$ cat work21.txt   # compact mmCIF, C-alpha atoms
# COMPACT_ATOMS: atom_id res chain seq x y z
CA MET A 1 0.00 0.00 0.00
CA MET A 2 1.28 3.45 -0.86
CA ALA A 3 0.65 6.68 1.00
CA ARG A 4 -1.28 9.07 -1.20
CA SER A 5 0.99 11.98 -0.24
CA ASP A 6 4.13 10.16 -1.38
CA ASN A 7 4.43 11.49 -4.93
CA ARG A 8 8.04 10.35 -5.26
CA GLN A 9 7.09 6.75 -4.46
CA PHE A 10 4.30 6.96 -7.01
CA GLU A 11 6.66 8.18 -9.73
CA VAL A 12 9.10 5.38 -8.93
CA ALA A 13 6.28 2.86 -9.29
CA GLN A 14 5.12 4.54 -12.48
CA ALA A 15 8.57 4.10 -14.03
CA ASP A 16 8.92 0.42 -13.07
CA PRO A 17 7.42 -1.88 -15.75
CA ASP A 18 7.32 -4.76 -13.27
CA ILE A 19 4.76 -2.97 -11.09
CA GLY A 20 1.30 -3.68 -12.41
CA TYR A 21 -0.84 -2.19 -9.68
CA ILE A 22 -0.88 0.26 -6.78
CA VAL A 23 -3.26 0.16 -3.81
CA ASP A 24 -3.92 3.50 -2.13
CA ALA A 25 -6.74 2.78 0.29
CA PRO A 26 -6.40 4.46 3.69
CA HIS A 27 -10.12 5.24 4.12
CA GLU A 28 -12.07 2.31 5.53
CA GLY A 29 -15.71 2.59 4.57
CA ALA A 30 -15.13 5.06 1.72
CA PRO A 31 -15.91 4.32 -1.95
CA LEU A 32 -13.32 2.44 -4.00
CA VAL A 33 -12.36 3.41 -7.54
CA ILE A 34 -10.39 0.88 -9.62
CA THR A 35 -8.72 2.42 -12.67
CA PHE A 36 -7.22 0.62 -15.67
CA GLY A 37 -4.46 2.11 -17.81
CA PHE A 38 -4.84 2.71 -21.54
CA VAL A 39 -2.67 1.36 -24.36
CA ASP A 40 0.63 3.07 -25.15
CA TRP A 41 2.61 1.94 -28.20
CA MET A 42 5.51 4.33 -27.59
CA ALA A 43 6.23 3.22 -24.02
CA PHE A 44 4.68 0.92 -21.45
CA PRO A 45 1.27 2.10 -20.21
CA ARG A 46 1.05 4.42 -17.25
CA PHE A 47 -1.29 4.35 -14.28
CA ASP A 48 -4.32 6.37 -15.31
CA PHE A 49 -6.70 8.78 -13.54
CA ALA A 50 -4.50 9.24 -10.42
CA GLY A 51 -4.47 13.02 -10.67
CA ARG A 52 -8.12 13.22 -11.69
CA LEU A 53 -9.21 11.16 -8.70
CA ARG A 54 -7.41 13.44 -6.29
CA LYS A 55 -9.04 16.49 -7.89
CA LEU A 56 -12.40 14.74 -7.60
CA GLU A 57 -11.83 14.14 -3.89
CA VAL A 58 -11.16 17.84 -3.34
CA THR A 59 -14.10 18.99 -5.46
CA ALA A 60 -16.60 16.54 -3.99
CA GLY A 61 -15.25 16.66 -0.46
CA GLN A 62 -15.31 12.88 -0.47
CA PRO A 63 -12.26 10.71 0.31
CA LEU A 64 -11.76 7.82 -2.09
CA ASN A 65 -9.82 4.60 -2.03
CA HIS A 66 -7.87 3.82 -5.20
CA ILE A 67 -6.54 0.75 -6.96
CA LEU A 68 -4.53 1.74 -10.03
CA ILE A 69 -3.92 -1.05 -12.55
CA ARG A 70 -2.11 -1.28 -15.89
CA ASP A 71 -1.15 -3.90 -18.47
CA THR A 72 2.43 -3.03 -19.39
CA ALA A 73 2.36 -5.59 -22.23
CA ASN A 74 -0.54 -3.87 -24.05
CA PHE A 75 -2.41 -7.20 -24.19
CA TRP A 76 -5.81 -5.81 -23.20
CA TYR A 77 -5.37 -7.45 -19.79
CA GLN A 78 -5.85 -10.90 -21.31
CA HIS A 79 -2.54 -12.23 -19.96
CA GLY A 80 -3.06 -10.86 -16.49
CA VAL A 81 -1.44 -8.08 -14.48
CA SER A 82 1.96 -8.20 -12.83
CA GLY A 83 1.49 -8.94 -9.14
CA LEU A 84 -2.21 -9.81 -9.46
CA GLY A 85 -2.23 -12.91 -11.64
CA ARG A 86 -1.40 -14.37 -15.04
CA ASP A 87 -4.93 -14.51 -16.43
CA VAL A 88 -8.25 -12.75 -16.11
CA ASP A 89 -9.66 -15.08 -13.45
CA ALA A 90 -6.55 -14.81 -11.27
CA VAL A 91 -6.58 -11.01 -11.46
CA ALA A 92 -10.27 -10.93 -10.55
CA ALA A 93 -9.65 -13.26 -7.60
CA SER A 94 -6.81 -11.06 -6.32
CA LEU A 95 -8.97 -7.96 -6.63
CA ARG A 96 -11.78 -9.61 -4.70
CA ARG A 97 -9.37 -10.30 -1.82
CA ILE A 98 -8.09 -6.71 -1.85
CA ILE A 99 -11.63 -5.32 -1.95
CA ALA A 100 -12.61 -7.54 0.99
CA ASP A 101 -9.72 -6.09 3.01
CA ILE A 102 -10.62 -2.50 2.09
CA ARG A 103 -14.35 -2.95 2.83
CA PRO A 104 -15.51 -0.02 0.69
CA THR A 105 -19.04 1.35 0.58
CA SER A 106 -19.10 0.94 -3.20
CA VAL A 107 -16.85 -0.13 -6.10
CA CYS A 108 -16.46 1.69 -9.40
CA THR A 109 -14.23 0.59 -12.29
CA VAL A 110 -12.92 3.23 -14.72
CA GLY A 111 -10.86 3.14 -17.90
CA GLN A 112 -10.40 4.45 -21.41
CA SER A 113 -9.44 2.58 -24.58
CA MET A 114 -7.73 -0.63 -23.44
CA GLY A 115 -8.55 0.40 -19.89
CA GLY A 116 -12.20 0.86 -20.83
CA TYR A 117 -12.36 -2.73 -22.03
CA ALA A 118 -10.81 -3.85 -18.72
CA ALA A 119 -13.21 -1.67 -16.72
CA ILE A 120 -16.16 -3.46 -18.36
CA LEU A 121 -14.59 -6.91 -18.06
CA PHE A 122 -13.46 -6.69 -14.44
CA GLY A 123 -16.39 -4.53 -13.39
CA THR A 124 -18.63 -7.37 -14.54
CA LEU A 125 -16.59 -10.11 -12.86
CA LEU A 126 -16.34 -8.15 -9.60
CA GLY A 127 -19.99 -7.11 -9.55
CA ALA A 128 -19.00 -3.43 -9.43
CA ASP A 129 -21.65 -0.88 -8.52
CA GLN A 130 -20.65 1.34 -11.42
CA VAL A 131 -18.55 0.99 -14.58
CA LEU A 132 -17.22 3.99 -16.54
CA ALA A 133 -15.67 3.00 -19.87
CA PHE A 134 -14.52 5.61 -22.40
CA GLY A 135 -13.92 4.47 -25.98
CA PRO A 136 -13.56 0.73 -25.24
CA LEU A 137 -13.44 -2.10 -27.72
CA SER A 138 -16.52 -4.28 -27.36
CA TYR A 139 -14.81 -7.43 -28.63
CA LEU A 140 -11.36 -8.86 -29.37
CA ARG A 141 -12.25 -11.16 -32.26
CA SER A 142 -10.10 -10.66 -35.38
CA ASP A 143 -12.72 -12.31 -37.59
CA TRP A 144 -15.39 -9.92 -36.33
CA ALA A 145 -13.08 -6.95 -36.95
CA ARG A 146 -12.55 -8.01 -40.57
CA ARG A 147 -16.26 -8.64 -41.01
CA ASP A 148 -17.10 -5.16 -39.65
CA GLY A 149 -14.33 -3.50 -41.67
CA ASP A 150 -12.75 -2.00 -38.55
CA THR A 151 -9.09 -3.01 -38.60
CA ARG A 152 -7.69 -0.33 -36.30
CA TRP A 153 -6.90 -2.87 -33.59
CA LEU A 154 -6.49 -5.92 -35.81
CA ARG A 155 -2.82 -6.33 -34.91
CA VAL A 156 -3.71 -6.72 -31.24
CA MET A 157 -6.44 -9.22 -32.01
CA GLU A 158 -4.21 -11.27 -34.29
CA THR A 159 -1.51 -11.32 -31.62
CA LEU A 160 -4.05 -12.65 -29.13
CA ASP A 161 -5.06 -15.26 -31.69
CA ARG A 162 -1.44 -16.43 -31.82
CA TYR A 163 -0.87 -16.15 -28.08
CA PRO A 164 -4.26 -16.75 -26.44
CA PRO A 165 -4.60 -16.37 -22.69
CA PRO A 166 -4.29 -19.58 -20.68
CA ASP A 167 -7.93 -19.45 -19.59
CA ARG A 168 -10.21 -19.30 -22.63
CA THR A 169 -13.52 -18.07 -21.35
CA THR A 170 -16.76 -16.71 -22.68
CA ILE A 171 -18.75 -14.53 -20.30
CA CYS A 172 -22.48 -14.94 -20.86
CA PRO A 173 -25.33 -13.20 -19.02
CA ARG A 174 -26.39 -16.39 -17.21
CA CYS A 175 -22.94 -16.64 -15.61
CA LEU A 176 -22.61 -13.08 -14.30
CA PRO A 177 -22.32 -12.35 -10.55
CA GLY A 178 -25.74 -12.45 -8.96
CA SER A 179 -27.22 -14.92 -11.40
CA ARG A 180 -28.49 -18.28 -10.18
CA ARG A 181 -25.84 -20.04 -12.17
CA ARG A 182 -22.30 -18.95 -11.33
CA ARG A 183 -19.76 -18.19 -14.06
CA SER A 184 -17.82 -21.23 -15.27
CA THR A 185 -14.98 -21.74 -17.73
CA SER A 186 -16.98 -24.65 -19.14
CA CYS A 187 -20.27 -22.80 -19.64
CA SER A 188 -22.78 -24.89 -21.57
CA ALA A 189 -25.47 -22.23 -21.95
CA PRO A 190 -27.33 -22.56 -25.26
CA GLY A 191 -25.58 -20.78 -28.10
CA GLN A 192 -22.34 -20.21 -26.22
CA ARG A 193 -18.95 -21.37 -27.43
CA ARG A 194 -15.43 -20.94 -26.15
CA MET A 195 -13.53 -17.97 -27.56
CA ALA A 196 -9.86 -17.24 -28.11
CA ALA A 197 -10.04 -14.56 -25.41
CA PRO A 198 -12.45 -13.49 -22.66
CA ILE A 199 -15.17 -11.42 -24.29
CA TRP A 200 -17.93 -9.29 -22.83
CA MET A 201 -21.10 -10.56 -24.48
CA ARG A 202 -24.54 -9.03 -24.24
CA SER A 203 -26.08 -11.49 -26.67
CA MET A 204 -26.73 -15.17 -26.13
CA ARG A 205 -26.28 -15.84 -29.85
CA ALA A 206 -22.87 -17.21 -30.77
CA GLY A 207 -21.12 -15.04 -33.32
CA SER A 208 -22.97 -11.87 -32.38
CA PRO A 209 -20.68 -9.01 -31.30
CA ALA A 210 -21.34 -7.04 -28.16
$ encode --input "work21.txt" --output "structure tokens"
Amino acid sequence: MMARSDNRQFEVAQADPDIGYIVDAPHEGAPLVITFGFVDWMAFPRFDFAGRLRKLEVTAGQPLNHILIRDTANFWYQHGVSGLGRDVDAVAASLRRIIADIRPTSVCTVGQSMGGYAAILFGTLLGADQVLAFGPLSYLRSDWARRDGDTRWLRVMETLDRYPPPDRTTICPRCLPGSRRRRSTSCSAPGQRRMAAPIWMRSMRAGSPA
């Protein structure tokens, strides 16, 4: 855990590619905001929204707990986060343990671009109270990208095709937190099939993009 006033320690962590997350949560019972870093092709991604969250605390007069997360490999969080786990499920499990220790009044996930995708994905898996996603991809399927004629992120999708995450999972509405049937890596819900990467799906029809 890092003291929020220690800017030097934050900058050291920011510059270390082996540090995938920072927990800054000194306020028991306050809301928790989990942020996810965006893609950066020129350097490894930085922790996002740290300054904005502090400004928000001052403006709103509300202390906040923070967990800042980034994927320094630019893999859309599909191969995990350094220090939290090597796949999506492991990261979610680690975050659940951290959240249980913090005991916040609410949980909000936030991200833009690659971070927006992660905010939706992990916000869903964690049962977050609120998800704020700015400009996220809604799927990571290279065949869907070609079909839709949107090849801006095709290189990322093709890389994930070649190096899929160890846990190949489809998230369907029946398996979301709070549903009668818990999420499973071997979901047999009608119309579902296993994908090359975890995908946020709003439709029960296989092959339909979110």
$ residues_around --input "work21.txt" --residues "His27 of chain A" --least-positions-apart "5" --cutoff "10 Å" --atoms "all atoms listed in the file" --output "PyMOL selection string"
chain A and resi 32+63-66+102-104
$ closest_residue --input "work21.txt" --among "A:Asp24, A:Glu11, A:Asp101, A:Asp161" --to "Arg46 of chain A" --atoms "only C-alpha atoms"
A:Glu11
$ closest_residue --input "work21.txt" --among "A:Gly61, A:Pro45, A:Gly123, A:Gly20" --to "Val107 of chain A" --atoms "only C-alpha atoms"
A:Gly123
$ closest_residue --input "work21.txt" --among "A:Asp89, A:Asp129, A:Asp18, A:Glu158" --to "Cys108 of chain A" --atoms "all atoms listed in the file"
A:Asp129
$ closest_residue --input "work21.txt" --among "A:Met114, A:Ala30, A:Leu126, A:Leu140" --to "Arg96 of chain A" --atoms "all atoms listed in the file"
A:Leu126
$ residues_around --input "work21.txt" --residues "Ile67 of chain A" --least-positions-apart "5" --cutoff "8 Å" --atoms "all atoms listed in the file" --output "list in words"
Tyr21, Ile22, Val23, Asp24, Ala25, Leu32, Val33, Ile34 and Thr35 of chain A
$ closest_residue --input "work21.txt" --among "A:Asp87, A:Asp143, A:Asp150, A:Asp48" --to "Pro166 of chain A" --atoms "only C-alpha atoms"
A:Asp87
$ residues_around --input "work21.txt" --residues "Ser142 of chain A" --least-positions-apart "5" --cutoff "12 Å" --atoms "only C-alpha atoms" --output "count of residues only"
21
